[in-house]
$ cat input.txt   # compact mmCIF, C-alpha atoms and all ligand atoms
# COMPACT_ATOMS: atom_id res chain seq x y z
CA MET A 1 92.59 90.84 78.29
CA ASN A 2 90.69 92.00 75.22
CA TRP A 3 88.12 94.78 75.49
CA ILE A 4 84.80 93.56 76.93
CA GLU A 5 81.58 95.57 76.77
CA PHE A 6 80.85 97.31 80.09
CA GLU A 7 78.98 100.19 81.65
CA GLU A 8 80.29 102.41 84.45
CA ASN A 9 78.47 103.87 87.47
CA VAL A 10 75.49 101.65 86.97
CA ASP A 11 72.27 101.99 88.94
CA LEU A 12 71.91 98.48 90.39
CA SER A 13 68.21 98.93 91.13
CA LYS A 14 67.76 98.39 87.39
CA PHE A 15 69.42 94.97 87.69
CA CYS A 16 67.05 93.42 90.23
CA THR A 17 63.30 92.93 90.22
CA ILE A 18 62.72 94.57 93.62
CA LYS A 19 64.40 97.71 92.25
CA ILE A 20 66.58 98.47 95.27
CA GLY A 21 70.32 98.98 95.20
CA GLY A 22 73.24 101.37 95.00
CA THR A 23 75.76 101.90 92.25
CA ALA A 24 78.09 99.40 90.59
CA LYS A 25 81.40 100.84 89.56
CA LYS A 26 81.26 98.59 86.52
CA VAL A 27 78.96 95.98 85.04
CA TYR A 28 80.41 93.79 82.27
CA PHE A 29 78.43 92.24 79.43
CA PRO A 30 80.48 89.33 78.02
CA LYS A 31 79.49 87.72 74.74
CA ASN A 32 81.39 84.44 74.82
CA GLN A 33 83.24 81.93 77.00
CA GLN A 34 86.62 83.59 76.56
CA GLU A 35 85.33 86.92 77.84
CA ILE A 36 83.87 85.20 80.91
CA ILE A 37 87.16 83.43 81.57
CA ASP A 38 88.97 86.77 81.24
CA LEU A 39 86.60 88.32 83.79
CA ILE A 40 87.06 85.43 86.22
CA LYS A 41 90.81 85.87 85.92
CA LEU A 42 90.49 89.64 86.39
CA SER A 43 88.54 89.08 89.61
CA LEU A 44 91.31 86.76 90.85
CA ASP A 45 94.07 89.15 89.82
CA ILE A 46 92.57 92.16 91.56
CA ASP A 47 90.97 90.14 94.37
CA LYS A 48 87.39 91.28 93.81
CA ARG A 49 84.21 89.27 94.12
CA PHE A 50 82.92 87.85 90.82
CA PHE A 51 79.15 88.23 90.69
CA PRO A 52 76.99 87.02 87.77
CA ILE A 53 73.58 88.68 87.29
CA GLY A 54 70.59 87.23 85.41
CA ILE A 55 67.43 89.28 85.75
CA GLY A 56 68.05 89.72 89.46
CA SER A 57 64.78 88.16 90.56
CA ASN A 58 66.52 86.53 93.49
CA THR A 59 69.03 89.27 94.21
CA VAL A 60 69.14 92.47 96.24
CA PHE A 61 71.98 94.98 96.14
CA SER A 62 73.05 97.17 99.04
CA ASP A 63 73.33 100.94 98.97
CA GLY A 64 76.54 102.75 98.22
CA ILE A 65 79.18 101.97 95.65
CA LEU A 66 79.92 98.33 94.94
CA GLU A 67 83.20 97.41 93.29
CA HIS A 68 82.62 93.73 92.57
CA ILE A 69 83.12 92.30 89.10
CA PHE A 70 79.45 92.28 88.09
CA VAL A 71 78.82 90.14 85.03
CA SER A 72 75.44 90.44 83.34
CA THR A 73 74.21 87.63 81.09
CA LYS A 74 72.31 90.08 78.87
CA ASN A 75 74.50 89.30 75.83
CA LEU A 76 74.27 85.52 76.27
CA LYS A 77 70.91 84.78 74.69
CA LYS A 78 71.57 82.21 71.97
CA TYR A 79 69.63 78.96 71.97
CA GLU A 80 69.22 75.92 69.79
CA ILE A 81 66.45 73.32 69.60
CA THR A 82 67.17 69.76 68.45
CA GLU A 83 64.94 66.70 68.25
CA LYS A 84 66.36 63.26 68.89
CA GLU A 85 64.76 59.88 69.59
CA GLY A 86 61.43 61.38 70.61
CA PHE A 87 62.84 64.12 72.85
CA PHE A 88 63.38 67.84 72.35
CA TYR A 89 66.62 69.34 73.63
CA ILE A 90 66.77 73.10 74.22
CA LYS A 91 70.38 74.24 74.58
CA ALA A 92 70.29 77.77 75.97
CA GLN A 93 72.97 80.24 76.97
CA ALA A 94 72.81 81.62 80.51
CA GLY A 95 70.86 84.77 79.66
CA VAL A 96 67.95 83.08 77.87
CA SER A 97 64.82 83.92 79.82
CA PHE A 98 62.04 81.60 80.90
CA ARG A 99 59.76 83.69 78.67
CA ILE A 100 61.63 82.36 75.64
CA ILE A 101 61.49 78.79 76.95
CA ASN A 102 57.76 79.27 77.52
CA SER A 103 57.22 80.28 73.93
CA ILE A 104 59.18 77.24 72.71
CA VAL A 105 57.33 74.74 74.89
CA LYS A 106 53.99 76.21 73.83
CA LYS A 107 54.93 76.14 70.16
CA TYR A 108 55.97 72.45 70.20
CA ASN A 109 53.58 71.45 73.03
CA LEU A 110 56.40 70.07 75.18
CA GLU A 111 55.99 68.56 78.63
CA GLY A 112 58.27 68.99 81.66
CA PHE A 113 58.69 72.76 81.92
CA GLU A 114 55.08 73.83 82.47
CA ASN A 115 55.25 73.96 86.31
CA LEU A 116 58.24 76.30 86.14
CA SER A 117 56.75 78.54 83.47
CA GLY A 118 55.79 81.48 85.70
CA ILE A 119 59.15 81.87 87.42
CA PRO A 120 60.86 85.11 86.36
CA ALA A 121 64.33 83.77 85.60
CA THR A 122 67.16 83.29 83.20
CA ILE A 123 68.36 79.75 82.56
CA GLY A 124 71.65 80.57 84.35
CA GLY A 125 69.97 81.94 87.49
CA ALA A 126 67.44 79.10 87.54
CA VAL A 127 70.12 76.38 87.37
CA VAL A 128 72.15 78.08 90.10
CA MET A 129 69.08 78.34 92.36
CA ASN A 130 67.55 75.03 91.27
CA ALA A 131 64.38 77.07 90.82
CA GLY A 132 61.16 75.20 91.31
CA ALA A 133 57.39 75.44 91.60
CA PHE A 134 54.26 73.26 91.81
CA GLY A 135 56.30 70.19 92.81
CA SER A 136 58.87 70.46 89.99
CA GLU A 137 62.35 71.91 89.82
CA ILE A 138 64.69 72.67 86.97
CA ALA A 139 66.90 69.76 88.07
CA ASP A 140 64.13 67.42 86.82
CA ILE A 141 64.63 68.46 83.21
CA ILE A 142 68.34 69.30 83.05
CA HIS A 143 70.26 67.21 80.55
CA GLU A 144 73.64 68.93 80.56
CA VAL A 145 75.31 72.09 81.91
CA VAL A 146 78.37 73.95 80.66
CA TRP A 147 80.02 75.49 83.71
CA ILE A 148 83.15 77.63 84.00
CA ASP A 149 84.77 77.11 87.39
CA LYS A 150 86.37 79.67 89.70
CA LYS A 151 89.74 79.31 87.99
CA GLY A 152 88.35 79.67 84.49
CA ASN A 153 88.25 75.98 83.46
CA ILE A 154 85.32 74.79 81.35
CA HIS A 155 83.33 71.68 82.35
CA LYS A 156 80.50 69.88 80.58
CA LEU A 157 78.43 68.16 83.25
CA LYS A 158 75.66 65.59 82.81
CA ARG A 159 72.63 65.83 85.10
CA LYS A 160 73.74 62.87 87.23
CA GLU A 161 77.05 64.58 87.99
CA ILE A 162 75.30 67.56 89.60
CA ASP A 163 74.17 67.54 93.22
CA PHE A 164 70.95 69.56 93.06
CA ARG A 165 68.85 69.94 96.20
CA TYR A 166 65.99 72.17 97.34
CA ARG A 167 66.90 75.66 96.05
CA TYR A 168 70.53 74.55 96.02
CA SER A 169 73.11 73.72 93.39
CA PRO A 170 76.88 73.38 93.69
CA PHE A 171 77.16 76.43 91.38
CA GLN A 172 76.14 78.92 94.07
CA LYS A 173 78.95 81.46 94.59
CA ASN A 174 80.98 79.16 92.39
CA GLY A 175 81.96 80.14 88.86
CA PHE A 176 79.64 80.76 85.94
CA ILE A 177 76.94 78.74 84.18
CA PHE A 178 77.55 79.38 80.51
CA GLU A 179 74.89 77.16 79.01
CA ALA A 180 72.31 74.55 79.99
CA THR A 181 70.42 71.98 77.97
CA ILE A 182 66.97 70.92 79.05
CA LYS A 183 65.29 67.74 77.83
CA LEU A 184 61.53 67.73 77.20
CA LYS A 185 59.07 65.44 75.49
CA PRO A 186 56.07 66.12 73.26
CA SER A 187 52.86 65.98 75.27
CA ASP A 188 49.29 64.74 74.84
CA LYS A 189 48.11 67.48 77.22
CA ASN A 190 47.38 71.07 76.30
CA ILE A 191 50.58 72.67 77.62
CA ALA A 192 49.58 76.26 76.82
CA GLN A 193 46.42 75.73 78.89
CA ILE A 194 48.39 74.37 81.87
CA ILE A 195 50.81 77.32 81.68
CA LYS A 196 47.89 79.75 81.63
CA LYS A 197 46.41 78.09 84.73
CA HIS A 198 49.72 78.33 86.62
CA LEU A 199 50.08 82.01 85.73
CA GLU A 200 46.56 82.73 86.94
CA GLU A 201 47.31 80.95 90.20
CA ARG A 202 50.48 83.00 90.68
CA ASN A 203 48.58 86.19 89.99
CA LYS A 204 46.05 85.28 92.66
CA LYS A 205 48.63 84.44 95.35
CA GLN A 206 51.61 86.68 94.63
CA PRO A 207 51.99 90.47 94.69
CA LEU A 208 53.00 90.78 91.04
CA ASN A 209 51.84 94.39 90.65
CA LEU A 210 54.78 95.77 92.68
CA PRO A 211 58.55 95.26 92.49
CA THR A 212 59.42 92.13 94.50
CA SER A 213 62.22 89.64 94.91
CA GLY A 214 59.98 86.59 95.31
CA SER A 215 60.40 84.29 98.28
CA THR A 216 62.65 85.85 100.90
CA PHE A 217 63.27 82.70 102.91
CA LYS A 218 63.48 79.02 102.03
CA ASN A 219 60.81 76.81 103.54
CA PRO A 220 62.24 75.21 106.67
CA PRO A 221 61.64 71.43 107.00
CA ASN A 222 57.90 70.73 107.53
CA TYR A 223 56.86 74.39 107.33
CA ALA A 224 56.08 77.06 104.77
CA ALA A 225 58.12 80.19 105.53
CA GLY A 226 55.09 82.33 104.55
CA TYR A 227 52.91 80.56 107.12
CA LEU A 228 55.45 81.17 109.91
CA LEU A 229 55.81 84.84 108.95
CA GLU A 230 52.06 85.27 108.92
CA LYS A 231 51.67 83.57 112.31
CA ALA A 232 54.38 85.84 113.68
CA GLY A 233 52.36 88.88 112.62
CA LEU A 234 54.68 89.90 109.81
CA LYS A 235 52.25 89.68 106.89
CA GLY A 236 51.93 93.27 105.65
CA TYR A 237 54.62 94.46 108.12
CA ARG A 238 56.18 97.60 106.64
CA ILE A 239 59.28 99.64 107.32
CA GLY A 240 59.51 102.81 105.24
CA ASN A 241 58.65 101.85 101.69
CA VAL A 242 59.40 98.13 101.92
CA ALA A 243 57.11 95.48 103.40
CA PHE A 244 56.31 91.81 103.66
CA SER A 245 53.38 91.64 101.25
CA ASP A 246 49.89 91.31 102.69
CA LYS A 247 49.13 88.97 99.79
CA HIS A 248 52.05 86.59 100.42
CA ALA A 249 53.98 87.05 103.67
CA ASN A 250 57.24 85.60 102.32
CA PHE A 251 57.41 88.15 99.47
CA LEU A 252 59.11 91.48 100.13
CA ILE A 253 57.68 94.35 98.10
CA ASN A 254 58.92 97.81 97.29
CA PHE A 255 56.19 100.46 97.31
CA GLY A 256 58.54 102.82 95.44
CA GLY A 257 61.71 104.45 96.67
CA GLY A 258 62.36 101.56 99.08
CA ARG A 259 65.77 101.61 100.75
CA PHE A 260 68.17 98.75 101.30
CA LYS A 261 68.35 99.46 105.01
CA GLU A 262 64.57 99.09 105.34
CA LEU A 263 64.68 95.79 103.51
CA LYS A 264 67.54 94.50 105.65
CA GLU A 265 65.79 95.52 108.85
CA LEU A 266 62.68 93.62 107.76
CA ILE A 267 64.71 90.50 107.03
CA GLN A 268 66.56 90.69 110.33
CA THR A 269 63.33 91.33 112.25
CA ALA A 270 61.75 88.25 110.66
CA GLU A 271 64.78 86.09 111.40
CA ARG A 272 64.83 87.24 115.01
CA ARG A 273 61.10 86.84 115.57
CA ILE A 274 60.81 83.38 113.99
CA GLY A 275 63.87 82.31 115.99
CA GLU A 276 62.37 83.55 119.26
CA LEU A 277 58.83 82.29 118.67
CA TYR A 278 59.44 78.92 117.03
CA LYS A 279 63.15 78.20 117.57
CA ILE A 280 63.50 77.95 113.81
CA LYS A 281 66.46 79.50 112.00
CA LEU A 282 65.15 80.86 108.73
CA GLU A 283 67.52 80.44 105.79
CA ARG A 284 67.54 83.23 103.22
CA GLU A 285 66.56 82.35 99.67
CA ILE A 286 67.27 85.79 98.24
CA GLU A 287 70.88 86.78 97.90
CA ILE A 288 71.98 90.06 99.40
CA VAL A 289 75.03 91.57 97.74
CA GLU A 290 76.93 94.01 99.93
C1 LIG A 301 57.62 87.33 91.41
C2 LIG A 301 58.66 86.27 91.67
C3 LIG A 301 58.27 84.94 91.73
C4 LIG A 301 59.23 83.95 91.95
N1 LIG A 301 58.82 82.65 92.00
C5 LIG A 301 59.75 81.68 92.18
C6 LIG A 301 59.35 80.30 92.21
O1 LIG A 301 58.20 79.95 92.05
N2 LIG A 301 60.32 79.38 92.39
C7 LIG A 301 61.63 79.70 92.54
O2 LIG A 301 62.47 78.80 92.67
N3 LIG A 301 62.02 81.00 92.52
C8 LIG A 301 61.12 81.98 92.36
N4 LIG A 301 61.52 83.29 92.34
C9 LIG A 301 62.95 83.61 92.54
C10 LIG A 301 63.75 83.74 91.23
O3 LIG A 301 62.87 83.98 90.16
C11 LIG A 301 64.57 82.48 90.95
O4 LIG A 301 65.50 82.22 91.97
C12 LIG A 301 65.32 82.58 89.60
O5 LIG A 301 65.89 81.34 89.32
C13 LIG A 301 66.40 83.64 89.62
O6 LIG A 301 66.84 83.83 88.29
P1 LIG A 301 67.64 85.13 87.82
O7 LIG A 301 68.08 84.91 86.46
O8 LIG A 301 66.85 86.34 88.10
O9 LIG A 301 68.85 85.06 88.84
P2 LIG A 301 69.57 86.25 89.61
O10 LIG A 301 68.69 86.75 90.71
O11 LIG A 301 70.09 87.23 88.66
O12 LIG A 301 70.76 85.44 90.28
C14 LIG A 301 70.50 84.49 91.28
C15 LIG A 301 71.83 83.87 91.74
O13 LIG A 301 72.38 83.15 90.66
C16 LIG A 301 73.66 83.69 90.28
N5 LIG A 301 73.72 83.62 88.80
C17 LIG A 301 72.87 84.17 87.91
N6 LIG A 301 73.24 83.81 86.65
C18 LIG A 301 74.35 83.04 86.79
C19 LIG A 301 75.21 82.36 85.88
N7 LIG A 301 75.01 82.40 84.55
N8 LIG A 301 76.26 81.67 86.37
C20 LIG A 301 76.48 81.60 87.71
N9 LIG A 301 75.74 82.23 88.62
C21 LIG A 301 74.66 82.92 88.16
C22 LIG A 301 73.69 85.10 90.82
O14 LIG A 301 75.00 85.51 91.07
C23 LIG A 301 72.88 84.93 92.10
O15 LIG A 301 73.70 84.37 93.10
C24 LIG A 301 60.59 84.29 92.13
C25 LIG A 301 60.98 85.65 92.06
C26 LIG A 301 60.02 86.63 91.83
C27 LIG A 301 60.45 88.06 91.75
$ encode --input "input.txt" --output "structure tokens"
Amino acid sequence: MNWIEFEENVDLSKFCTIKIGGTAKKVYFPKNQQEIIDLIKLSLDIDKRFFPIGIGSNTVFSDGILEHIFVSTKNLKKYEITEKEGFFYIKAQAGVSFRIINSIVKKYNLEGFENLSGIPATIGGAVVMNAGAFGSEIADIIHEVVWIDKKGNIHKLKRKEIDFRYRYSPFQKNGFIFEATIKLKPSDKNIAQIIKKHLEERNKKQPLNLPTSGSTFKNPPNYAAGYLLEKAGLKGYRIGNVAFSDKHANFLINFGGGRFKELKELIQTAERRIGELYKIKLEREIEIVE
């Protein structure tokens, strides 16, 4: 294996938006497909978990020292825009952020991405989570995905070959998204205006002034997880320096210095209480890495 950029003894709280986590023995920063394949093979050889990290807006790391093969997409930020037969195609490497996509769609006034615009995400993390908002999900605009499987083989998949569902894709805990192409069309509407409106709405409803990991639980069929948590008295419920936000009950927030064990206790309390009160098994949306 050739040398791949890495850092040692890394503070994982810097790699997730809720800013909680222990220390990674190593975090790798690959720059190309071959380096990712090498890291997948390394994880197989030494039998360690392979864990890609985007901006960590859906991820929480446990305390202590973690020895997984952490692979940040920080060095995978190339993108290309092409126009063909009335459509715009944005081909973006895994680490390209939604901020960049936002600036492109505003510049060319493109339609299809605006409902997703406020999600803090990289393209890689968003495809894996099938991120969505305001009735849209990234699956709606995916044209093609380049995926490296668990053995290091590269696949180019068309949208129709991918089984996306609500906050689910077949890529979860399964290989590495190297690149995704989204397909958008020029719009008659004022896209920048729509994006601004969505951001204002998020600001009103979500606790964006404190470190958070977004929705903690998926919405169970016919319910909003936030509504159930609120009804169960968990809105604003705090343990130590972590709490379910009093602005949005499904968002965990870190008041500063929050500990993993406080966060985990909150999650387990919510699961237990919703199970007892409503016989509903909450499914976690955030990923806890232990
Ligand atoms: C304030 C706030 C608001 C949010 N609002 C929404 C919302 O409206 N809708 C919504 O759907 N989500 C929302 N989220 C959750 C989160 O933004 C999304 O899940 C987002 O898609 C995660 O992207 P990421 O790059 O941060 O992924 P990460 O958290 O870094 O990773 C998420 C998962 O994907 C895996 N992964 C990351 N990159 C790759 C890759 N290249 N290849 C393979 N696996 C990979 C990781 O291993 C992990 O399992 C919100 C979060 C916050 C903090």
$ closest_atom_pairs --input "input.txt" --of "chain A" --to "ligand LIG 301 (chain A)" --cutoff "8 Å" --atoms "all atoms listed in the file" --output "JSON lines"
{"residue": "A:Phe15", "atom": "CA", "partner": "A:LIG301", "partner_atom": "O11", "distance": 7.8}
{"residue": "A:Cys16", "atom": "CA", "partner": "A:LIG301", "partner_atom": "O10", "distance": 6.9}
{"residue": "A:Thr17", "atom": "CA", "partner": "A:LIG301", "partner_atom": "C27", "distance": 5.8}
{"residue": "A:Ile18", "atom": "CA", "partner": "A:LIG301", "partner_atom": "C27", "distance": 7.1}
{"residue": "A:Phe51", "atom": "CA", "partner": "A:LIG301", "partner_atom": "O14", "distance": 5.0}
{"residue": "A:Pro52", "atom": "CA", "partner": "A:LIG301", "partner_atom": "O14", "distance": 4.1}
{"residue": "A:Ile53", "atom": "CA", "partner": "A:LIG301", "partner_atom": "O11", "distance": 4.0}
{"residue": "A:Gly54", "atom": "CA", "partner": "A:LIG301", "partner_atom": "O11", "distance": 3.3}
{"residue": "A:Ile55", "atom": "CA", "partner": "A:LIG301", "partner_atom": "O8", "distance": 3.8}
{"residue": "A:Gly56", "atom": "CA", "partner": "A:LIG301", "partner_atom": "O10", "distance": 3.3}
{"residue": "A:Ser57", "atom": "CA", "partner": "A:LIG301", "partner_atom": "O8", "distance": 3.7}
{"residue": "A:Asn58", "atom": "CA", "partner": "A:LIG301", "partner_atom": "O10", "distance": 3.5}
{"residue": "A:Thr59", "atom": "CA", "partner": "A:LIG301", "partner_atom": "O10", "distance": 4.3}
{"residue": "A:Val60", "atom": "CA", "partner": "A:LIG301", "partner_atom": "O10", "distance": 8.0}
{"residue": "A:Ser72", "atom": "CA", "partner": "A:LIG301", "partner_atom": "N6", "distance": 7.7}
{"residue": "A:Thr73", "atom": "CA", "partner": "A:LIG301", "partner_atom": "N7", "distance": 6.3}
{"residue": "A:Ala94", "atom": "CA", "partner": "A:LIG301", "partner_atom": "N7", "distance": 4.7}
{"residue": "A:Gly95", "atom": "CA", "partner": "A:LIG301", "partner_atom": "N7", "distance": 6.8}
{"residue": "A:Ser97", "atom": "CA", "partner": "A:LIG301", "partner_atom": "O7", "distance": 7.5}
{"residue": "A:Leu116", "atom": "CA", "partner": "A:LIG301", "partner_atom": "O1", "distance": 6.9}
{"residue": "A:Gly118", "atom": "CA", "partner": "A:LIG301", "partner_atom": "O1", "distance": 7.0}
{"residue": "A:Ile119", "atom": "CA", "partner": "A:LIG301", "partner_atom": "N1", "distance": 4.7}
{"residue": "A:Pro120", "atom": "CA", "partner": "A:LIG301", "partner_atom": "O3", "distance": 4.4}
{"residue": "A:Ala121", "atom": "CA", "partner": "A:LIG301", "partner_atom": "O6", "distance": 3.7}
{"residue": "A:Thr122", "atom": "CA", "partner": "A:LIG301", "partner_atom": "O7", "distance": 3.8}
{"residue": "A:Ile123", "atom": "CA", "partner": "A:LIG301", "partner_atom": "O7", "distance": 6.5}
{"residue": "A:Gly124", "atom": "CA", "partner": "A:LIG301", "partner_atom": "N7", "distance": 3.8}
{"residue": "A:Gly125", "atom": "CA", "partner": "A:LIG301", "partner_atom": "O9", "distance": 3.6}
{"residue": "A:Ala126", "atom": "CA", "partner": "A:LIG301", "partner_atom": "O5", "distance": 3.3}
{"residue": "A:Val127", "atom": "CA", "partner": "A:LIG301", "partner_atom": "O5", "distance": 6.8}
{"residue": "A:Val128", "atom": "CA", "partner": "A:LIG301", "partner_atom": "O13", "distance": 5.1}
{"residue": "A:Met129", "atom": "CA", "partner": "A:LIG301", "partner_atom": "O4", "distance": 5.3}
{"residue": "A:Asn130", "atom": "CA", "partner": "A:LIG301", "partner_atom": "O2", "distance": 6.5}
{"residue": "A:Ala131", "atom": "CA", "partner": "A:LIG301", "partner_atom": "O2", "distance": 3.2}
{"residue": "A:Gly132", "atom": "CA", "partner": "A:LIG301", "partner_atom": "O2", "distance": 4.1}
{"residue": "A:Ala133", "atom": "CA", "partner": "A:LIG301", "partner_atom": "O1", "distance": 4.6}
{"residue": "A:Phe134", "atom": "CA", "partner": "A:LIG301", "partner_atom": "O1", "distance": 7.8}
{"residue": "A:Glu137", "atom": "CA", "partner": "A:LIG301", "partner_atom": "O2", "distance": 7.5}
{"residue": "A:Trp147", "atom": "CA", "partner": "A:LIG301", "partner_atom": "N8", "distance": 7.7}
{"residue": "A:Arg167", "atom": "CA", "partner": "A:LIG301", "partner_atom": "O2", "distance": 6.4}
{"residue": "A:Phe171", "atom": "CA", "partner": "A:LIG301", "partner_atom": "C20", "distance": 6.4}
{"residue": "A:Gln172", "atom": "CA", "partner": "A:LIG301", "partner_atom": "O15", "distance": 6.0}
{"residue": "A:Lys173", "atom": "CA", "partner": "A:LIG301", "partner_atom": "O15", "distance": 6.2}
{"residue": "A:Asn174", "atom": "CA", "partner": "A:LIG301", "partner_atom": "C20", "distance": 6.9}
{"residue": "A:Gly175", "atom": "CA", "partner": "A:LIG301", "partner_atom": "C20", "distance": 5.8}
{"residue": "A:Phe176", "atom": "CA", "partner": "A:LIG301", "partner_atom": "N8", "distance": 3.5}
{"residue": "A:Ile177", "atom": "CA", "partner": "A:LIG301", "partner_atom": "N8", "distance": 3.7}
{"residue": "A:Phe178", "atom": "CA", "partner": "A:LIG301", "partner_atom": "N7", "distance": 5.6}
{"residue": "A:Glu179", "atom": "CA", "partner": "A:LIG301", "partner_atom": "N7", "distance": 7.6}
{"residue": "A:Gln206", "atom": "CA", "partner": "A:LIG301", "partner_atom": "C1", "distance": 6.8}
{"residue": "A:Pro207", "atom": "CA", "partner": "A:LIG301", "partner_atom": "C1", "distance": 7.2}
{"residue": "A:Leu208", "atom": "CA", "partner": "A:LIG301", "partner_atom": "C1", "distance": 5.8}
{"residue": "A:Pro211", "atom": "CA", "partner": "A:LIG301", "partner_atom": "C27", "distance": 7.5}
{"residue": "A:Thr212", "atom": "CA", "partner": "A:LIG301", "partner_atom": "C27", "distance": 5.0}
{"residue": "A:Ser213", "atom": "CA", "partner": "A:LIG301", "partner_atom": "C27", "distance": 4.0}
{"residue": "A:Gly214", "atom": "CA", "partner": "A:LIG301", "partner_atom": "C26", "distance": 3.5}
{"residue": "A:Ser215", "atom": "CA", "partner": "A:LIG301", "partner_atom": "N4", "distance": 6.1}
{"residue": "A:Glu285", "atom": "CA", "partner": "A:LIG301", "partner_atom": "O4", "distance": 7.8}
{"residue": "A:Ile286", "atom": "CA", "partner": "A:LIG301", "partner_atom": "O4", "distance": 7.4}
{"residue": "A:Glu287", "atom": "CA", "partner": "A:LIG301", "partner_atom": "O15", "distance": 6.1}
$ write_last_selection --input "input.txt" --atoms "C-alpha atoms" --output "short mmCIF file (atom, residue, chain, number, x, y, z; two decimals), keeping the file's coordinate frame"
data_model
loop_
_atom_site.label_atom_id
_atom_site.label_comp_id
_atom_site.auth_asym_id
_atom_site.auth_seq_id
_atom_site.Cartn_x
_atom_site.Cartn_y
_atom_site.Cartn_z
CA PHE A 15 69.42 94.97 87.69
CA CYS A 16 67.05 93.42 90.23
CA THR A 17 63.30 92.93 90.22
CA ILE A 18 62.72 94.57 93.62
CA PHE A 51 79.15 88.23 90.69
CA PRO A 52 76.99 87.02 87.77
CA ILE A 53 73.58 88.68 87.29
CA GLY A 54 70.59 87.23 85.41
CA ILE A 55 67.43 89.28 85.75
CA GLY A 56 68.05 89.72 89.46
CA SER A 57 64.78 88.16 90.56
CA ASN A 58 66.52 86.53 93.49
CA THR A 59 69.03 89.27 94.21
CA VAL A 60 69.14 92.47 96.24
CA SER A 72 75.44 90.44 83.34
CA THR A 73 74.21 87.63 81.09
CA ALA A 94 72.81 81.62 80.51
CA GLY A 95 70.86 84.77 79.66
CA SER A 97 64.82 83.92 79.82
CA LEU A 116 58.24 76.30 86.14
CA GLY A 118 55.79 81.48 85.70
CA ILE A 119 59.15 81.87 87.42
CA PRO A 120 60.86 85.11 86.36
CA ALA A 121 64.33 83.77 85.60
CA THR A 122 67.16 83.29 83.20
CA ILE A 123 68.36 79.75 82.56
CA GLY A 124 71.65 80.57 84.35
CA GLY A 125 69.97 81.94 87.49
CA ALA A 126 67.44 79.10 87.54
CA VAL A 127 70.12 76.38 87.37
CA VAL A 128 72.15 78.08 90.10
CA MET A 129 69.08 78.34 92.36
CA ASN A 130 67.55 75.03 91.27
CA ALA A 131 64.38 77.07 90.82
CA GLY A 132 61.16 75.20 91.31
CA ALA A 133 57.39 75.44 91.60
CA PHE A 134 54.26 73.26 91.81
CA GLU A 137 62.35 71.91 89.82
CA TRP A 147 80.02 75.49 83.71
CA ARG A 167 66.90 75.66 96.05
CA PHE A 171 77.16 76.43 91.38
CA GLN A 172 76.14 78.92 94.07
CA LYS A 173 78.95 81.46 94.59
CA ASN A 174 80.98 79.16 92.39
CA GLY A 175 81.96 80.14 88.86
CA PHE A 176 79.64 80.76 85.94
CA ILE A 177 76.94 78.74 84.18
CA PHE A 178 77.55 79.38 80.51
CA GLU A 179 74.89 77.16 79.01
CA GLN A 206 51.61 86.68 94.63
CA PRO A 207 51.99 90.47 94.69
CA LEU A 208 53.00 90.78 91.04
CA PRO A 211 58.55 95.26 92.49
CA THR A 212 59.42 92.13 94.50
CA SER A 213 62.22 89.64 94.91
CA GLY A 214 59.98 86.59 95.31
CA SER A 215 60.40 84.29 98.28
CA GLU A 285 66.56 82.35 99.67
CA ILE A 286 67.27 85.79 98.24
CA GLU A 287 70.88 86.78 97.90
#
$ closest_residue --input "input.txt" --among "A:Ile90, A:Leu210, A:Leu157, A:Leu228" --to "Thr181 in chain A" --atoms "only C-alpha atoms"
A:Ile90
$ closest_residue --input "input.txt" --among "A:Asn190, A:Ser103, A:Asn32, A:Asn115" --to "Asn75 in chain A" --atoms "all atoms listed in the file"
A:Asn32
$ closest_residue --input "input.txt" --among "A:Glu230, A:Asp149, A:Glu283, A:Glu201" --to "Gln33 in chain A" --atoms "all atoms listed in the file"
A:Asp149
$ atom_distance --input "input.txt" --atom1 "CA of Gln34 in chain A" --atom2 "CA of Gly152 in chain A"
9.0 Å
$ atom_distance --input "input.txt" --atom1 "CA of Gln93 in chain A" --atom2 "CA of Ile65 in chain A"
29.3 Å
$ closest_residue --input "input.txt" --among "A:Leu199, A:Ile141, A:Ile20, A:Ala92" --to "Asn254 in chain A" --atoms "all atoms listed in the file"
A:Ile20
$ closest_residue --input "input.txt" --among "A:Leu184, A:Ala24, A:Ile40, A:Ile46" --to "Ile142 in chain A" --atoms "only C-alpha atoms"
A:Leu184
$ residues_around --input "input.txt" --residues "Lys205 in chain A" --least-positions-apart "3" --cutoff "8 Å" --atoms "only C-alpha atoms" --output "ChimeraX atom specification"
/A:201-202,247-248
$ residues_around --input "input.txt" --residues "Gly258 in chain A" --least-positions-apart "6" --cutoff "10 Å" --atoms "only C-alpha atoms" --output "list in words"
Ile18, Lys19, Ile20, Gly21, Pro211, Ile239, Gly240, Asn241, Val242 and Ala243 of chain A
$ atom_distance --input "input.txt" --atom1 "CA of Pro30 in chain A" --atom2 "CA of Glu290 in chain A"
22.7 Å
$ residues_around --input "input.txt" --residues "Gly112 in chain A" --least-positions-apart "6" --cutoff "10 Å" --atoms "all atoms listed in the file" --output "list in words"
Val105, Ser136, Glu137, Ile138, Asp140, Ile141, Ile182, Lys183, Leu184, Lys185, Pro186, Ser187 and Ile191 of chain A
$ closest_residue --input "input.txt" --among "A:Thr216, A:Tyr223, A:Trp3, A:Ala270" --to "Ile253 in chain A" --atoms "only C-alpha atoms"
A:Thr216
$ residues_around --input "input.txt" --residues "Lys41 in chain A" --least-positions-apart "3" --cutoff "7 Å" --atoms "all atoms listed in the file" --output "PyMOL selection string"
chain A and resi 37-38+44-45+151-152
$ residues_around --input "input.txt" --residues "Lys48 in chain A" --least-positions-apart "5" --cutoff "10 Å" --atoms "all atoms listed in the file" --output "PyMOL selection string"
chain A and resi 40+42-43+67-70
